[in-house]
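S.K.: To start, I am sharing the structure in question, which I have written as structure tokens.
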Amino acid sequence: MIEIQEEFPVALKRVLMQINQAKTEQSNLLQKNEQQQKNLSDCPLCKGTGWIINDFNKRTYKQCDCAKNSIIINRLKNAGLNQSAMRKTFKTYDDKASIEASKMKDVATGFVIRYQELKEKEDEKNSLALLGQSGAGKTHLLIAIINNLATKEVDIQYFSYPEIMTHLKQVILDEAKYSFEIKKFKKCELLVIDDLFKNGYTEADKRIMFEIINSRVINKKPIAISSELLISDLCRIDEAFGSRIKEVTDRFRYEILGNQHNYRLKN
């Protein structure tokens, strides 16, 4: 890796960061290939080749499920999920806990079902918001969406608000690094923002989030958001920001109120 000095010009720093990123991606790719080969070697069906016979007479082959699963797991890791999060699916979500939980799940599954259709139509109302009461399972449903769409080769970034916002503010004074870091959240096919404005917000937080959201809305790129705040709260924080989210989530939005829906407290 090339060491980047603070006194370097911004343009040079940007180029050097791109070179370092390319080297990192190459190294990660080699590691992934090694892991995939290890996973494949244990498969009794394909014997480590990643392919099985589809039609013996026609001599055609198809990809083995073990290879497909390995690719999906790597895609989820790239989105920012850990092994524990990968186990959160629509099937493991407790939609029988209440009518509210069932309705919220319906909104989330509806978003997944119509995702490709709305993408092809370049529909402006292509985003999702799960808002309100903490502990109602909003994060679980967001991760279930990621797990589902990752199998369909959707390029996803998971934005865990408290952690990633802290990191972005730490690099904001370095123009080249900040631009490099924020680009993936603007450009990915689907951005999943979890716990938006959790534990409060500053003017810097608002500016960064508006930069990301505004870029995605302009380019008709979908967003999936969870927050303990309601749409009315987001509009009070910043009318332009809140109205942007309201417009794009009009089709898929659910707001849940009251401590009776906090399943963490019940459990």
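Residue numbering restarts at 1 for every chain of the structure tokens, chains are lettered A, B, ... in their displayed order, and ligands are numbered from 1 as they appear.
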I'd like the contact shell of A:Ile164 - 12 Å cut-off, only C-alpha atoms, skipping same-chain residues fewer than 6 positions apart - returned as a ChimeraX atom specification.

M.R.: /A:80,157-158,170-171,178,181-182,185,193-198,205,208-209

S.K.: Write a file of the selected residues as a PDB file, in the first residue's frame, keeping C-alpha atoms.

M.R.:
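Below you can see selection-v5.pdb, which holds the result:
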```pdb
ATOM      1  CA  GLY A  80     -21.534  -4.724   5.313  1.00  0.00           C
ATOM      2  CA  GLN A 157     -24.561  -1.000   0.815  1.00  0.00           C
ATOM      3  CA  TYR A 158     -25.616  -1.249   4.477  1.00  0.00           C
ATOM      4  CA  GLN A 170     -13.787  11.890  11.010  1.00  0.00           C
ATOM      5  CA  VAL A 171     -12.616  12.102   7.380  1.00  0.00           C
ATOM      6  CA  TYR A 178     -14.322  11.931   2.152  1.00  0.00           C
ATOM      7  CA  GLU A 181     -15.797   7.144   1.161  1.00  0.00           C
ATOM      8  CA  ILE A 182     -19.174   8.743   0.406  1.00  0.00           C
ATOM      9  CA  PHE A 185     -23.298   5.253  -0.682  1.00  0.00           C
ATOM     10  CA  ILE A 193     -29.823   3.134   6.092  1.00  0.00           C
ATOM     11  CA  ASP A 194     -30.423   1.645   9.546  1.00  0.00           C
ATOM     12  CA  ASP A 195     -31.293   3.745  12.632  1.00  0.00           C
ATOM     13  CA  LEU A 196     -31.284   7.124  10.879  1.00  0.00           C
ATOM     14  CA  PHE A 197     -30.491   9.939  13.375  1.00  0.00           C
ATOM     15  CA  LYS A 198     -30.134   7.430  16.215  1.00  0.00           C
ATOM     16  CA  ASP A 205     -25.000  14.935  10.232  1.00  0.00           C
ATOM     17  CA  ILE A 208     -23.986  14.604   5.029  1.00  0.00           C
ATOM     18  CA  MET A 209     -27.300  12.737   4.951  1.00  0.00           C
TER      19      MET A 209
END
```

S.K.: Can you tell me which residues surround A:Lys119 at a distance of at most 12 Å, considering only C-alpha atoms, apart from same-chain residues fewer than 4 positions away, and format the answer as a PyMOL selection string?

M.R.: chain A and resi 111-115+123-127+154+189-190+219-223

S.K.: Dump C-alpha atoms for the selected residues as a PDB file, in the first residue's frame?

M.R.:
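And here is the file that came out, result-v9.pdb:
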```pdb
ATOM      1  CA  PHE A 111     -40.924  -3.644  -1.605  1.00  0.00           C
ATOM      2  CA  VAL A 112     -38.876  -6.749  -2.465  1.00  0.00           C
ATOM      3  CA  ILE A 113     -41.565  -8.183  -4.762  1.00  0.00           C
ATOM      4  CA  ARG A 114     -41.839  -4.978  -6.804  1.00  0.00           C
ATOM      5  CA  TYR A 115     -38.169  -3.983  -6.634  1.00  0.00           C
ATOM      6  CA  ASP A 123     -40.239   4.864 -10.845  1.00  0.00           C
ATOM      7  CA  GLU A 124     -39.545   7.748  -8.458  1.00  0.00           C
ATOM      8  CA  LYS A 125     -41.501   6.103  -5.614  1.00  0.00           C
ATOM      9  CA  ASN A 126     -39.037   3.244  -5.385  1.00  0.00           C
ATOM     10  CA  SER A 127     -37.950   3.439  -1.746  1.00  0.00           C
ATOM     11  CA  VAL A 154     -28.353  -6.360  -6.433  1.00  0.00           C
ATOM     12  CA  GLU A 189     -27.887   0.229  -6.556  1.00  0.00           C
ATOM     13  CA  LEU A 190     -29.664   0.024  -3.178  1.00  0.00           C
ATOM     14  CA  ASN A 219     -30.653   9.704  -9.894  1.00  0.00           C
ATOM     15  CA  LYS A 220     -33.731   7.588  -8.989  1.00  0.00           C
ATOM     16  CA  LYS A 221     -31.692   5.181  -6.883  1.00  0.00           C
ATOM     17  CA  PRO A 222     -33.742   3.400  -4.179  1.00  0.00           C
ATOM     18  CA  ILE A 223     -33.227   3.724  -0.429  1.00  0.00           C
TER      19      ILE A 223
END
```

S.K.: May I ask which of the residues A:Glu211, A:Glu163, A:Glu6, A:Glu228 is the closest one to A:Lys138, counting only C-alpha atoms?

M.R.: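 Answer, going by the shortest atom-to-atom distance: A:Glu228.
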
S.K.: Quick one: pull the distance between atom CA of A:Ala144 and atom CA of A:Arg253, Å, one decimal.

M.R.: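 These two atoms are separated by 16.2 Å.
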
S.K.: Pick the closest to A:Phe252 from A:Lys62, A:Lys121, A:Arg87, A:Lys103: which is it, counting only C-alpha atoms?

M.R.: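 Nearest to A:Phe252: A:Lys103.
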
S.K.: Applying 9 Å and only C-alpha atoms, which residues near A:Leu142 remain after dropping the ones on its own chain fewer than 5 positions away? List them as a PyMOL selection string.

M.R.: chain A and resi 108+130+137+147+192-194+224-226

S.K.: Those residues with C-alpha atoms, as a PDB file, in the first residue's frame please?

M.R.:
```pdb
ATOM      1  CA  ALA A 108     -41.181  -4.838   3.418  1.00  0.00           C
ATOM      2  CA  LEU A 130     -39.906   1.667   8.383  1.00  0.00           C
ATOM      3  CA  GLY A 137     -38.147  -5.395  14.265  1.00  0.00           C
ATOM      4  CA  ASN A 147     -30.492 -11.133   2.308  1.00  0.00           C
ATOM      5  CA  VAL A 192     -29.980   0.548   3.280  1.00  0.00           C
ATOM      6  CA  ILE A 193     -29.823   3.134   6.092  1.00  0.00           C
ATOM      7  CA  ASP A 194     -30.423   1.645   9.546  1.00  0.00           C
ATOM      8  CA  ALA A 224     -34.479   1.545   2.430  1.00  0.00           C
ATOM      9  CA  ILE A 225     -34.541   3.392   5.763  1.00  0.00           C
ATOM     10  CA  SER A 226     -35.304   2.578   9.386  1.00  0.00           C
TER      11      SER A 226
END
```
